[in-house]
>>> print(open('run.cif').read())   # mmCIF, C-alpha atoms
data_data
#
loop_
_atom_site.group_PDB
_atom_site.id
_atom_site.type_symbol
_atom_site.label_atom_id
_atom_site.label_comp_id
_atom_site.auth_asym_id
_atom_site.auth_seq_id
_atom_site.Cartn_x
_atom_site.Cartn_y
_atom_site.Cartn_z
ATOM 1 C CA MET S 1169 0.000 0.000 0.000
ATOM 2 C CA GLU S 1170 1.588 3.252 -1.096
ATOM 3 C CA PHE S 1171 0.652 6.897 -1.097
ATOM 4 C CA SER S 1172 2.395 10.021 -2.271
ATOM 5 C CA VAL S 1173 3.049 13.296 -0.502
ATOM 6 C CA GLN S 1174 3.527 16.667 -2.111
ATOM 7 C CA ILE S 1175 6.690 18.536 -1.230
ATOM 8 C CA THR S 1176 6.358 22.294 -1.467
ATOM 9 C CA GLY S 1177 9.301 23.892 -3.242
ATOM 10 C CA ALA S 1178 10.654 20.482 -4.307
ATOM 11 C CA LYS S 1179 12.975 21.905 -6.988
ATOM 12 C CA GLU S 1180 14.607 24.348 -4.571
ATOM 13 C CA ILE S 1181 14.902 21.645 -1.903
ATOM 14 C CA GLU S 1182 16.473 19.229 -4.373
ATOM 15 C CA ALA S 1183 18.956 21.885 -5.546
ATOM 16 C CA LYS S 1184 19.870 22.677 -1.944
ATOM 17 C CA LEU S 1185 20.281 18.980 -1.061
ATOM 18 C CA LEU S 1186 22.524 18.427 -4.101
ATOM 19 C CA SER S 1187 24.704 21.337 -3.026
ATOM 20 C CA LEU S 1188 25.381 19.662 0.317
ATOM 21 C CA GLU S 1189 27.799 16.900 1.101
ATOM 22 C CA ARG S 1190 26.059 13.575 0.347
ATOM 23 C CA LYS S 1191 26.008 12.278 3.926
ATOM 24 C CA PHE S 1192 24.490 15.522 5.290
ATOM 25 C CA ALA S 1193 21.833 15.567 2.580
ATOM 26 C CA ARG S 1194 21.051 11.933 3.287
ATOM 27 C CA THR S 1195 20.677 12.580 7.022
ATOM 28 C CA ILE S 1196 18.256 15.461 6.404
ATOM 29 C CA VAL S 1197 16.052 13.350 4.106
ATOM 30 C CA LYS S 1198 16.266 10.305 6.410
ATOM 31 C CA ASP S 1199 15.239 12.303 9.480
ATOM 32 C CA ALA S 1200 12.311 13.939 7.671
ATOM 33 C CA LEU S 1201 10.981 10.659 6.276
ATOM 34 C CA ARG S 1202 11.429 8.846 9.572
ATOM 35 C CA GLU S 1203 9.519 11.476 11.508
ATOM 36 C CA GLY S 1204 6.658 11.296 8.982
ATOM 37 C CA ALA S 1205 6.659 7.480 9.083
ATOM 38 C CA ASN S 1206 6.702 7.438 12.893
ATOM 39 C CA HIS S 1207 3.658 9.711 12.945
ATOM 40 C CA LEU S 1208 1.792 7.410 10.555
ATOM 41 C CA MET S 1209 2.872 4.310 12.463
ATOM 42 C CA LYS S 1210 1.463 5.732 15.708
ATOM 43 C CA ALA S 1211 -1.894 6.300 13.990
ATOM 44 C CA MET S 1212 -1.842 2.739 12.598
ATOM 45 C CA LYS S 1213 -1.055 1.354 16.038
ATOM 46 C CA GLY S 1214 -3.950 3.365 17.404
ATOM 47 C CA SER S 1215 -6.447 1.933 14.912
ATOM 48 C CA ALA S 1216 -5.028 -1.602 15.223
ATOM 49 C CA GLY S 1217 -5.319 -1.413 19.013
ATOM 50 C CA THR S 1218 -9.080 -1.073 18.774
ATOM 51 C CA ILE S 1219 -9.502 -4.358 16.857
ATOM 52 C CA GLY S 1220 -10.417 -7.389 18.943
ATOM 53 C CA LYS S 1221 -10.396 -7.584 22.693
ATOM 54 C CA GLY S 1222 -7.836 -7.794 25.469
ATOM 55 C CA GLN S 1223 -4.071 -7.518 25.667
ATOM 56 C CA THR S 1224 -3.502 -10.758 23.737
ATOM 57 C CA GLY S 1225 -6.040 -9.997 21.003
ATOM 58 C CA MET S 1226 -5.090 -9.741 17.349
ATOM 59 C CA GLY S 1227 -5.305 -5.949 17.355
ATOM 60 C CA LYS S 1228 -2.799 -5.636 20.179
ATOM 61 C CA ARG S 1229 -0.470 -8.077 18.457
ATOM 62 C CA ILE S 1230 -0.622 -6.133 15.208
ATOM 63 C CA ALA S 1231 -0.104 -2.829 17.045
ATOM 64 C CA ASN S 1232 2.948 -4.215 18.859
ATOM 65 C CA ALA S 1233 4.405 -5.663 15.659
ATOM 66 C CA LEU S 1234 4.164 -2.500 13.531
ATOM 67 C CA ALA S 1235 7.573 -0.910 13.002
ATOM 68 C CA VAL S 1236 9.307 1.535 10.677
ATOM 69 C CA ARG S 1237 11.891 -0.275 8.556
ATOM 70 C CA VAL S 1238 14.396 1.021 6.017
ATOM 71 C CA TRP S 1239 13.966 -0.333 2.484
ATOM 72 C CA ARG S 1240 16.399 -3.151 2.048
ATOM 73 C CA ARG S 1241 17.254 -2.230 -1.516
ATOM 74 C CA GLN S 1242 18.715 1.239 -1.724
ATOM 75 C CA TYR S 1243 19.784 3.155 -4.796
ATOM 76 C CA ARG S 1244 22.091 6.111 -5.117
ATOM 77 C CA GLY S 1245 20.043 9.246 -4.503
ATOM 78 C CA VAL S 1246 16.993 7.286 -3.321
ATOM 79 C CA TYR S 1247 16.064 6.647 0.278
ATOM 80 C CA GLY S 1248 12.995 4.741 1.394
ATOM 81 C CA LEU S 1249 11.187 3.684 4.540
ATOM 82 C CA GLY S 1250 8.266 1.385 5.070
ATOM 83 C CA ILE S 1251 5.949 0.480 7.899
ATOM 84 C CA ARG S 1252 6.098 -3.258 8.309
ATOM 85 C CA LEU S 1253 5.037 -5.978 10.707
ATOM 86 C CA LYS S 1254 7.759 -7.529 12.810
ATOM 87 C CA ARG S 1255 7.705 -11.293 13.124
ATOM 88 C CA ASP S 1256 5.216 -12.658 15.558
ATOM 89 C CA PRO S 1257 4.639 -16.374 16.186
ATOM 90 C CA ALA S 1258 0.902 -15.771 15.871
ATOM 91 C CA PHE S 1259 1.124 -14.338 12.329
ATOM 92 C CA VAL S 1260 0.858 -16.415 9.192
ATOM 93 C CA GLY S 1261 0.529 -15.475 5.531
ATOM 94 C CA TYR S 1262 -2.697 -16.259 3.707
ATOM 95 C CA ALA S 1263 -3.011 -19.215 1.386
ATOM 96 C CA GLN S 1264 -1.647 -18.221 -1.987
ATOM 97 C CA GLY S 1265 0.220 -20.823 -3.980
ATOM 98 C CA SER S 1266 2.725 -23.396 -2.808
ATOM 99 C CA ALA S 1267 4.868 -20.909 -0.857
ATOM 100 C CA SER S 1268 2.001 -20.047 1.491
ATOM 101 C CA SER S 1269 3.102 -19.992 5.107
ATOM 102 C CA LEU S 1270 -0.358 -21.217 6.047
ATOM 103 C CA LYS S 1271 0.546 -24.448 4.274
ATOM 104 C CA SER S 1272 4.184 -24.676 5.266
ATOM 105 C CA LYS S 1273 4.006 -23.416 8.848
ATOM 106 C CA LYS S 1274 3.402 -26.089 11.441
ATOM 107 C CA LEU S 1275 0.317 -24.824 13.200
ATOM 108 C CA VAL S 1276 -0.257 -25.917 16.788
ATOM 109 C CA GLN S 1277 -3.744 -27.242 17.378
ATOM 110 C CA GLY S 1278 -5.770 -25.026 19.693
ATOM 111 C CA ARG S 1279 -3.518 -21.964 19.343
ATOM 112 C CA ARG S 1280 -4.878 -18.809 17.697
ATOM 113 C CA TYR S 1281 -3.197 -17.485 14.563
ATOM 114 C CA PHE S 1282 -3.780 -14.200 12.752
ATOM 115 C CA ILE S 1283 -3.392 -13.185 9.135
ATOM 116 C CA PRO S 1284 -2.870 -9.394 9.153
ATOM 117 C CA THR S 1285 -3.603 -9.013 5.411
ATOM 118 C CA ALA S 1286 -6.898 -10.859 5.792
ATOM 119 C CA ILE S 1287 -7.799 -8.632 8.752
ATOM 120 C CA GLU S 1288 -7.040 -5.457 6.766
ATOM 121 C CA TYR S 1289 -9.006 -6.473 3.665
ATOM 122 C CA GLY S 1290 -11.490 -9.063 4.948
ATOM 123 C CA HIS S 1291 -11.421 -12.553 3.512
ATOM 124 C CA ALA S 1292 -13.300 -15.608 2.328
ATOM 125 C CA PHE S 1293 -13.822 -18.404 4.797
ATOM 126 C CA PRO S 1294 -15.974 -21.521 4.703
ATOM 127 C CA GLY S 1295 -19.206 -20.934 6.572
ATOM 128 C CA ARG S 1296 -18.743 -17.857 8.756
ATOM 129 C CA GLY S 1297 -19.951 -18.755 12.232
ATOM 130 C CA GLY S 1298 -19.627 -22.463 11.462
ATOM 131 C CA ARG S 1299 -23.274 -22.781 10.398
ATOM 132 C CA LYS S 1300 -24.231 -24.642 7.259
ATOM 133 C CA GLY S 1301 -25.189 -22.212 4.518
ATOM 134 C CA ALA S 1302 -23.641 -19.264 6.349
ATOM 135 C CA PRO S 1303 -22.104 -16.627 4.064
ATOM 136 C CA LYS S 1304 -18.441 -17.097 3.288
ATOM 137 C CA ASP S 1305 -17.364 -13.472 3.372
ATOM 138 C CA VAL S 1306 -15.738 -11.968 6.442
ATOM 139 C CA PRO S 1307 -15.692 -8.140 6.524
ATOM 140 C CA ALA S 1308 -12.490 -6.099 6.657
ATOM 141 C CA LYS S 1309 -11.260 -4.659 9.947
ATOM 142 C CA PRO S 1310 -8.860 -2.141 8.450
ATOM 143 C CA PHE S 1311 -6.062 -0.653 10.515
ATOM 144 C CA ALA S 1312 -3.665 0.715 7.873
ATOM 145 C CA ARG S 1313 -5.966 2.422 5.360
ATOM 146 C CA PRO S 1314 -7.962 4.593 7.800
ATOM 147 C CA ALA S 1315 -4.687 5.786 9.339
ATOM 148 C CA ILE S 1316 -3.235 6.645 5.916
ATOM 149 C CA ASP S 1317 -6.389 8.503 4.843
ATOM 150 C CA ALA S 1318 -6.606 10.500 8.067
ATOM 151 C CA GLU S 1319 -2.897 11.257 8.506
ATOM 152 C CA LYS S 1320 -1.767 11.832 4.908
ATOM 153 C CA GLY S 1321 -2.001 15.610 5.361
ATOM 154 C CA PRO S 1322 -0.157 15.776 8.713
ATOM 155 C CA VAL S 1323 2.567 13.417 7.387
ATOM 156 C CA GLU S 1324 3.021 15.716 4.381
ATOM 157 C CA ARG S 1325 3.354 18.744 6.649
ATOM 158 C CA ILE S 1326 5.828 16.966 8.974
ATOM 159 C CA ILE S 1327 8.079 15.922 6.086
ATOM 160 C CA ASN S 1328 7.951 19.399 4.537
ATOM 161 C CA ARG S 1329 8.718 21.105 7.844
ATOM 162 C CA ARG S 1330 11.578 18.730 8.766
ATOM 163 C CA LEU S 1331 13.195 19.160 5.338
ATOM 164 C CA LEU S 1332 13.126 22.936 5.748
ATOM 165 C CA ASP S 1333 14.372 22.617 9.341
ATOM 166 C CA GLY S 1334 17.295 20.517 8.178
ATOM 167 C CA LEU S 1335 18.187 22.672 5.188
ATOM 168 C CA TYR S 1336 17.694 26.153 6.520
ATOM 169 C CA GLY S 1337 17.617 25.635 10.292
ATOM 170 C CA LEU S 1338 14.176 27.225 10.475
ATOM 171 C CA MET Q 377 -25.529 7.702 5.891
ATOM 172 C CA ALA Q 378 -26.745 9.025 2.574
ATOM 173 C CA VAL Q 379 -23.593 8.298 0.623
ATOM 174 C CA GLU Q 380 -24.000 4.537 1.145
ATOM 175 C CA LYS Q 381 -27.510 4.788 -0.308
ATOM 176 C CA ALA Q 382 -26.141 6.813 -3.209
ATOM 177 C CA LEU Q 383 -23.409 4.252 -3.871
ATOM 178 C CA ARG Q 384 -25.892 1.372 -3.785
ATOM 179 C CA SER Q 385 -28.240 3.261 -6.081
ATOM 180 C CA ILE Q 386 -25.509 3.946 -8.646
ATOM 181 C CA LEU Q 387 -24.653 0.251 -8.757
ATOM 182 C CA MET Q 388 -28.289 -0.882 -8.852
ATOM 183 C CA ASN Q 389 -29.120 1.472 -11.713
ATOM 184 C CA ASP Q 390 -26.315 0.248 -13.935
ATOM 185 C CA ALA Q 391 -27.592 -2.327 -16.403
ATOM 186 C CA ALA Q 392 -24.382 -4.389 -16.546
ATOM 187 C CA VAL Q 393 -24.099 -4.668 -12.754
ATOM 188 C CA HIS Q 394 -27.833 -5.280 -12.357
ATOM 189 C CA ASN Q 395 -27.711 -8.111 -14.902
ATOM 190 C CA LEU Q 396 -25.038 -9.845 -12.843
ATOM 191 C CA VAL Q 397 -26.206 -9.322 -9.258
ATOM 192 C CA ALA Q 398 -29.833 -8.107 -9.446
ATOM 193 C CA ASP Q 399 -30.446 -6.600 -5.977
ATOM 194 C CA ARG Q 400 -27.751 -8.600 -4.148
ATOM 195 C CA ILE Q 401 -25.771 -5.574 -2.986
ATOM 196 C CA PHE Q 402 -25.253 -5.653 0.783
ATOM 197 C CA PRO Q 403 -23.535 -3.475 3.357
ATOM 198 C CA ILE Q 404 -20.625 -5.161 5.223
ATOM 199 C CA VAL Q 405 -21.572 -8.845 4.743
ATOM 200 C CA ARG Q 406 -23.787 -10.917 2.500
ATOM 201 C CA ARG Q 407 -27.198 -11.863 3.782
ATOM 202 C CA GLU Q 408 -27.405 -15.473 4.857
ATOM 203 C CA GLY Q 409 -28.678 -17.737 2.105
ATOM 204 C CA SER Q 410 -28.240 -15.106 -0.630
ATOM 205 C CA ALA Q 411 -27.150 -16.299 -4.060
ATOM 206 C CA LEU Q 412 -23.947 -15.491 -5.939
ATOM 207 C CA PRO Q 413 -22.639 -13.363 -7.546
ATOM 208 C CA ALA Q 414 -23.118 -10.585 -5.039
ATOM 209 C CA ILE Q 415 -21.534 -7.326 -3.929
ATOM 210 C CA THR Q 416 -20.694 -6.152 -0.418
ATOM 211 C CA TYR Q 417 -19.473 -2.675 0.455
ATOM 212 C CA GLN Q 418 -18.102 -1.056 3.575
ATOM 213 C CA GLN Q 419 -16.739 2.319 4.515
ATOM 214 C CA ILE Q 420 -13.055 2.240 5.376
ATOM 215 C CA SER Q 421 -12.516 5.887 6.231
ATOM 216 C CA GLY Q 422 -14.206 9.266 6.027
ATOM 217 C CA VAL Q 423 -12.242 12.476 6.290
ATOM 218 C CA ARG Q 424 -14.381 15.608 6.693
ATOM 219 C CA ASP Q 425 -13.105 18.959 5.545
ATOM 220 C CA HIS Q 426 -13.203 21.914 7.926
ATOM 221 C CA VAL Q 427 -12.913 25.670 7.524
ATOM 222 C CA PHE Q 428 -12.619 28.347 10.228
ATOM 223 C CA GLU Q 429 -16.397 28.470 10.664
ATOM 224 C CA GLY Q 430 -16.649 24.689 11.106
ATOM 225 C CA PRO Q 431 -17.349 21.733 8.809
ATOM 226 C CA SER Q 432 -17.413 22.700 5.127
ATOM 227 C CA GLY Q 433 -19.670 19.768 4.233
ATOM 228 C CA PHE Q 434 -17.094 18.339 1.851
ATOM 229 C CA VAL Q 435 -16.169 14.726 2.583
ATOM 230 C CA GLU Q 436 -13.456 12.425 1.257
ATOM 231 C CA SER Q 437 -14.457 8.851 1.947
ATOM 232 C CA ARG Q 438 -12.873 5.513 1.097
ATOM 233 C CA PHE Q 439 -15.088 2.515 0.421
ATOM 234 C CA GLN Q 440 -14.134 -1.086 -0.147
ATOM 235 C CA ILE Q 441 -16.352 -2.909 -2.623
ATOM 236 C CA ASN Q 442 -16.107 -6.683 -2.690
ATOM 237 C CA CYS Q 443 -17.323 -8.637 -5.697
ATOM 238 C CA TRP Q 444 -18.112 -12.241 -4.771
ATOM 239 C CA ALA Q 445 -18.792 -15.136 -7.125
ATOM 240 C CA SER Q 446 -18.466 -18.894 -7.282
ATOM 241 C CA THR Q 447 -15.735 -18.737 -9.954
ATOM 242 C CA TYR Q 448 -12.772 -16.435 -10.314
ATOM 243 C CA GLU Q 449 -13.865 -15.443 -13.831
ATOM 244 C CA GLN Q 450 -17.316 -14.380 -12.639
ATOM 245 C CA ALA Q 451 -15.819 -12.344 -9.813
ATOM 246 C CA ASP Q 452 -13.483 -10.694 -12.322
ATOM 247 C CA THR Q 453 -16.347 -9.903 -14.721
ATOM 248 C CA LEU Q 454 -18.372 -8.395 -11.897
ATOM 249 C CA ALA Q 455 -15.391 -6.331 -10.700
ATOM 250 C CA ASP Q 456 -14.924 -5.018 -14.258
ATOM 251 C CA ALA Q 457 -18.589 -3.992 -14.431
ATOM 252 C CA VAL Q 458 -18.384 -2.224 -11.058
ATOM 253 C CA ARG Q 459 -15.172 -0.471 -12.059
ATOM 254 C CA SER Q 460 -16.715 0.709 -15.334
ATOM 255 C CA VAL Q 461 -19.669 2.366 -13.610
ATOM 256 C CA LEU Q 462 -17.833 3.843 -10.608
ATOM 257 C CA ASP Q 463 -14.383 4.924 -11.796
ATOM 258 C CA GLY Q 464 -14.664 8.550 -12.870
ATOM 259 C CA TYR Q 465 -18.325 8.884 -11.858
ATOM 260 C CA ASP Q 466 -19.703 12.313 -11.000
ATOM 261 C CA GLY Q 467 -23.308 13.361 -10.549
ATOM 262 C CA THR Q 468 -26.160 13.404 -8.068
ATOM 263 C CA SER Q 469 -27.534 10.212 -6.621
ATOM 264 C CA GLU Q 470 -30.132 9.917 -3.841
ATOM 265 C CA GLY Q 471 -29.713 13.636 -3.202
ATOM 266 C CA VAL Q 472 -25.963 13.369 -2.645
ATOM 267 C CA VAL Q 473 -23.776 15.528 -4.871
ATOM 268 C CA ILE Q 474 -20.844 13.322 -5.784
ATOM 269 C CA LYS Q 475 -17.961 15.402 -7.110
ATOM 270 C CA CYS Q 476 -15.904 12.435 -8.216
ATOM 271 C CA ILE Q 477 -15.240 8.744 -7.616
ATOM 272 C CA HIS Q 478 -11.768 7.332 -8.240
ATOM 273 C CA LEU Q 479 -10.678 3.727 -8.173
ATOM 274 C CA ILE Q 480 -7.502 3.802 -6.116
ATOM 275 C CA ASP Q 481 -6.681 0.158 -5.493
ATOM 276 C CA GLU Q 482 -7.873 -3.304 -6.431
ATOM 277 C CA GLY Q 483 -6.926 -6.887 -5.756
ATOM 278 C CA ASP Q 484 -8.042 -10.438 -5.030
ATOM 279 C CA MET Q 485 -9.679 -11.170 -1.720
ATOM 280 C CA PRO Q 486 -7.569 -13.364 0.538
ATOM 281 C CA SER Q 487 -8.868 -16.836 1.184
ATOM 282 C CA LEU Q 488 -8.058 -18.859 4.263
ATOM 283 C CA LEU Q 489 -8.000 -22.072 2.283
ATOM 284 C CA ALA Q 490 -4.977 -22.958 0.182
ATOM 285 C CA ASP Q 491 -7.270 -24.699 -2.289
ATOM 286 C CA ASN Q 492 -9.817 -22.020 -3.051
ATOM 287 C CA GLU Q 493 -11.794 -24.292 -5.399
ATOM 288 C CA ALA Q 494 -12.793 -26.373 -2.373
ATOM 289 C CA LEU Q 495 -14.271 -23.207 -0.892
ATOM 290 C CA ASN Q 496 -16.061 -22.518 -4.199
ATOM 291 C CA PHE Q 497 -15.957 -18.818 -3.399
ATOM 292 C CA HIS Q 498 -13.909 -16.072 -5.003
ATOM 293 C CA GLY Q 499 -13.667 -12.385 -4.382
ATOM 294 C CA LYS Q 500 -12.232 -9.253 -5.987
ATOM 295 C CA ARG Q 501 -11.726 -6.094 -3.998
ATOM 296 C CA LEU Q 502 -12.051 -2.526 -5.294
ATOM 297 C CA ASP Q 503 -11.008 0.433 -3.157
ATOM 298 C CA ILE Q 504 -12.676 3.653 -4.251
ATOM 299 C CA MET Q 505 -12.373 7.197 -2.993
ATOM 300 C CA ILE Q 506 -15.573 9.263 -3.095
ATOM 301 C CA TRP Q 507 -15.513 13.047 -2.856
ATOM 302 C CA PHE Q 508 -18.973 14.376 -2.087
ATOM 303 C CA ASP Q 509 -20.961 17.238 -0.552
ATOM 304 C CA GLU Q 510 -23.136 16.426 2.436
#
>>> encode(input="run.cif", output="structure tokens")
Amino acid sequence: MEFSVQITGAKEIEAKLLSLERKFARTIVKDALREGANHLMKAMKGSAGTIGKGQTGMGKRIANALAVRVWRRQYRGVYGLGIRLKRDPAFVGYAQGSASSLKSKKLVQGRRYFIPTAIEYGHAFPGRGGRKGAPKDVPAKPFARPAIDAEKGPVERIINRRLLDGLYGL
Amino acid sequence: MAVEKALRSILMNDAAVHNLVADRIFPIVRREGSALPAITYQQISGVRDHVFEGPSGFVESRFQINCWASTYEQADTLADAVRSVLDGYDGTSEGVVIKCIHLIDEGDMPSLLADNEALNFHGKRLDIMIWFDE
């Protein structure tokens, strides 16, 4: 899931960044992006925390697992961050081809497992509620999309402000 | 909320969608015992615009529309029909002035069974953003 932010005065900012030593420019961009990502992550944790019940519920697990991670593949002049889920023994991937972790992971009988993607988007499941003839669609309990929609503006402002702070010491 | 009614009405009044699902368009989940194909919709977010005086009445709202069918092809056909009517839509429906609808994301619905044919149930998901006046 991606979204874009608009940087005010992008050309001037780019020119200023290019005029700086590479490591200083990189630090300014890194700090700005990280502050924006942290803000968004907090909002996601907030909406995830309301899903399910109790401290051991799926919402709490998702909230605890959310973390800002640097893109593994980096290119010269490009720096990226993502909000990802840390590993949790209760998380599995959803069934999709032979590499599915739902198939390959040894599931312990009686233990509860969660599929964060299926929680975000809803999913198909045989006989919701276990009754014969029950509908097979389970509604979404989104935690990422509402946070992105609500915080897109503030994240944009944070990144803009931090870039200007770093470049001009405003 | 009126925008849900408007959304349902737009889908119901489209001939291609109506031919596929008739009136099987449900909020949140399908009604028990209802036939396929069918559509479910739910609001994911709603961001209301404000000015100094208070709410401006302008709303940006994300909806998830799920197209369910017993085969993948049917679900795909239904998703195409829904996309055709909604993506780029503007107009008034059920008294709601819709400025614009954009399709912003789409994908297959996850299934909890590795062998989805055993489930005999397939879904396509469309995420739309609706900008409207309340």
>>> resolve_selection(input="run.cif", expression="the PyMOL selection byres ((chain Q) within 8 of (chain S))", output="VMD selection string")
chain Q and resid 404 to 410 420 to 423 485 to 491 495 497 to 499
>>> atom_distance(input="run.cif", atom1="atom CA of Q:Pro403", atom2="atom CA of Q:Met505")
16.7 Å
>>> residues_around(input="run.cif", residues="S:Glu1203", least_positions_apart="3", cutoff="12 Å", atoms="all atoms listed in the file", output="list in words")
Ile1196, Val1197, Lys1198, Asp1199, Ala1200, Asn1206, His1207, Leu1208, Met1209, Lys1210, Val1236, Leu1249, Pro1322, Val1323, Glu1324, Arg1325, Ile1326, Ile1327, Asn1328, Arg1329, Arg1330 and Leu1331 of chain S
>>> write_last_selection(input="run.cif", atoms="C-alpha atoms", output="PDB file, keeping the file's coordinate frame")
ATOM      1  CA  ILE S1196      18.256  15.461   6.404  1.00  0.00           C
ATOM      2  CA  VAL S1197      16.052  13.350   4.106  1.00  0.00           C
ATOM      3  CA  LYS S1198      16.266  10.305   6.410  1.00  0.00           C
ATOM      4  CA  ASP S1199      15.239  12.303   9.480  1.00  0.00           C
ATOM      5  CA  ALA S1200      12.311  13.939   7.671  1.00  0.00           C
ATOM      6  CA  ASN S1206       6.702   7.438  12.893  1.00  0.00           C
ATOM      7  CA  HIS S1207       3.658   9.711  12.945  1.00  0.00           C
ATOM      8  CA  LEU S1208       1.792   7.410  10.555  1.00  0.00           C
ATOM      9  CA  MET S1209       2.872   4.310  12.463  1.00  0.00           C
ATOM     10  CA  LYS S1210       1.463   5.732  15.708  1.00  0.00           C
ATOM     11  CA  VAL S1236       9.307   1.535  10.677  1.00  0.00           C
ATOM     12  CA  LEU S1249      11.187   3.684   4.540  1.00  0.00           C
ATOM     13  CA  PRO S1322      -0.157  15.776   8.713  1.00  0.00           C
ATOM     14  CA  VAL S1323       2.567  13.417   7.387  1.00  0.00           C
ATOM     15  CA  GLU S1324       3.021  15.716   4.381  1.00  0.00           C
ATOM     16  CA  ARG S1325       3.354  18.744   6.649  1.00  0.00           C
ATOM     17  CA  ILE S1326       5.828  16.966   8.974  1.00  0.00           C
ATOM     18  CA  ILE S1327       8.079  15.922   6.086  1.00  0.00           C
ATOM     19  CA  ASN S1328       7.951  19.399   4.537  1.00  0.00           C
ATOM     20  CA  ARG S1329       8.718  21.105   7.844  1.00  0.00           C
ATOM     21  CA  ARG S1330      11.578  18.730   8.766  1.00  0.00           C
ATOM     22  CA  LEU S1331      13.195  19.160   5.338  1.00  0.00           C
TER      23      LEU S1331
END
>>> closest_residue(input="run.cif", among="Q:Phe434, Q:Phe439, Q:Trp444, Q:Phe508", to="Q:Leu412", atoms="only C-alpha atoms")
Q:Trp444
>>> atom_distance(input="run.cif", atom1="atom CA of Q:Val393", atom2="atom CA of Q:Leu502")
14.3 Å
>>> atom_distance(input="run.cif", atom1="atom CA of Q:Cys443", atom2="atom CA of S:Phe1259")
26.4 Å
>>> resolve_selection(input="run.cif", expression="the PyMOL selection byres ((chain Q and resi 378) around 8)", output="CSV table (one decimal) with C-alpha atoms, in the frame of the given file")
chain,number,residue,atom,x,y,z
Q,377,MET,CA,-25.5,7.7,5.9
Q,379,VAL,CA,-23.6,8.3,0.6
Q,380,GLU,CA,-24.0,4.5,1.1
Q,381,LYS,CA,-27.5,4.8,-0.3
Q,382,ALA,CA,-26.1,6.8,-3.2
Q,470,GLU,CA,-30.1,9.9,-3.8
Q,471,GLY,CA,-29.7,13.6,-3.2
Q,472,VAL,CA,-26.0,13.4,-2.6
>>> resolve_selection(input="run.cif", expression="the PyMOL selection byres ((chain Q and resi 394) around 12)", output="PyMOL selection string")
chain Q and resi 384-393+395-401+413-415+454+457-458+461
>>> build_atoms(input="run.cif", residues="stretch 1188-1202 of chain S", atoms="N, CA and C atoms", output="mmCIF file, in the coordinates of the input")
data_model
loop_
_atom_site.group_PDB
_atom_site.id
_atom_site.type_symbol
_atom_site.label_atom_id
_atom_site.label_comp_id
_atom_site.auth_asym_id
_atom_site.auth_seq_id
_atom_site.Cartn_x
_atom_site.Cartn_y
_atom_site.Cartn_z
ATOM 1 N N LEU S 1188 24.774 20.081 -0.952
ATOM 2 C CA LEU S 1188 25.381 19.662 0.317
ATOM 3 C C LEU S 1188 26.224 18.407 0.125
ATOM 4 N N GLU S 1189 27.051 18.156 1.121
ATOM 5 C CA GLU S 1189 27.799 16.900 1.101
ATOM 6 C C GLU S 1189 26.792 15.755 1.204
ATOM 7 N N ARG S 1190 27.055 14.652 0.470
ATOM 8 C CA ARG S 1190 26.059 13.575 0.347
ATOM 9 C C ARG S 1190 25.536 13.071 1.695
ATOM 10 N N LYS S 1191 26.467 12.883 2.664
ATOM 11 C CA LYS S 1191 26.008 12.278 3.926
ATOM 12 C C LYS S 1191 25.114 13.241 4.721
ATOM 13 N N PHE S 1192 25.361 14.564 4.599
ATOM 14 C CA PHE S 1192 24.490 15.522 5.290
ATOM 15 C C PHE S 1192 23.094 15.547 4.645
ATOM 16 N N ALA S 1193 23.109 15.551 3.311
ATOM 17 C CA ALA S 1193 21.833 15.567 2.580
ATOM 18 C C ALA S 1193 21.011 14.334 2.929
ATOM 19 N N ARG S 1194 21.711 13.203 2.976
ATOM 20 C CA ARG S 1194 21.051 11.933 3.287
ATOM 21 C C ARG S 1194 20.440 11.969 4.691
ATOM 22 N N THR S 1195 21.178 12.506 5.639
ATOM 23 C CA THR S 1195 20.677 12.580 7.022
ATOM 24 C C THR S 1195 19.418 13.439 7.102
ATOM 25 N N ILE S 1196 19.423 14.566 6.379
ATOM 26 C CA ILE S 1196 18.256 15.461 6.404
ATOM 27 C C ILE S 1196 17.017 14.735 5.866
ATOM 28 N N VAL S 1197 17.185 14.054 4.720
ATOM 29 C CA VAL S 1197 16.052 13.350 4.106
ATOM 30 C C VAL S 1197 15.591 12.193 5.001
ATOM 31 N N LYS S 1198 16.582 11.456 5.533
ATOM 32 C CA LYS S 1198 16.266 10.305 6.410
ATOM 33 C C LYS S 1198 15.443 10.746 7.614
ATOM 34 N N ASP S 1199 15.922 11.822 8.267
ATOM 35 C CA ASP S 1199 15.239 12.303 9.480
ATOM 36 C C ASP S 1199 13.807 12.739 9.168
ATOM 37 N N ALA S 1200 13.649 13.445 8.030
ATOM 38 C CA ALA S 1200 12.311 13.939 7.671
ATOM 39 C C ALA S 1200 11.362 12.772 7.395
ATOM 40 N N LEU S 1201 11.835 11.800 6.604
ATOM 41 C CA LEU S 1201 10.981 10.659 6.276
ATOM 42 C C LEU S 1201 10.652 9.838 7.517
ATOM 43 N N ARG S 1202 11.653 9.661 8.377
ATOM 44 C CA ARG S 1202 11.429 8.846 9.572
ATOM 45 C C ARG S 1202 10.407 9.502 10.506
#
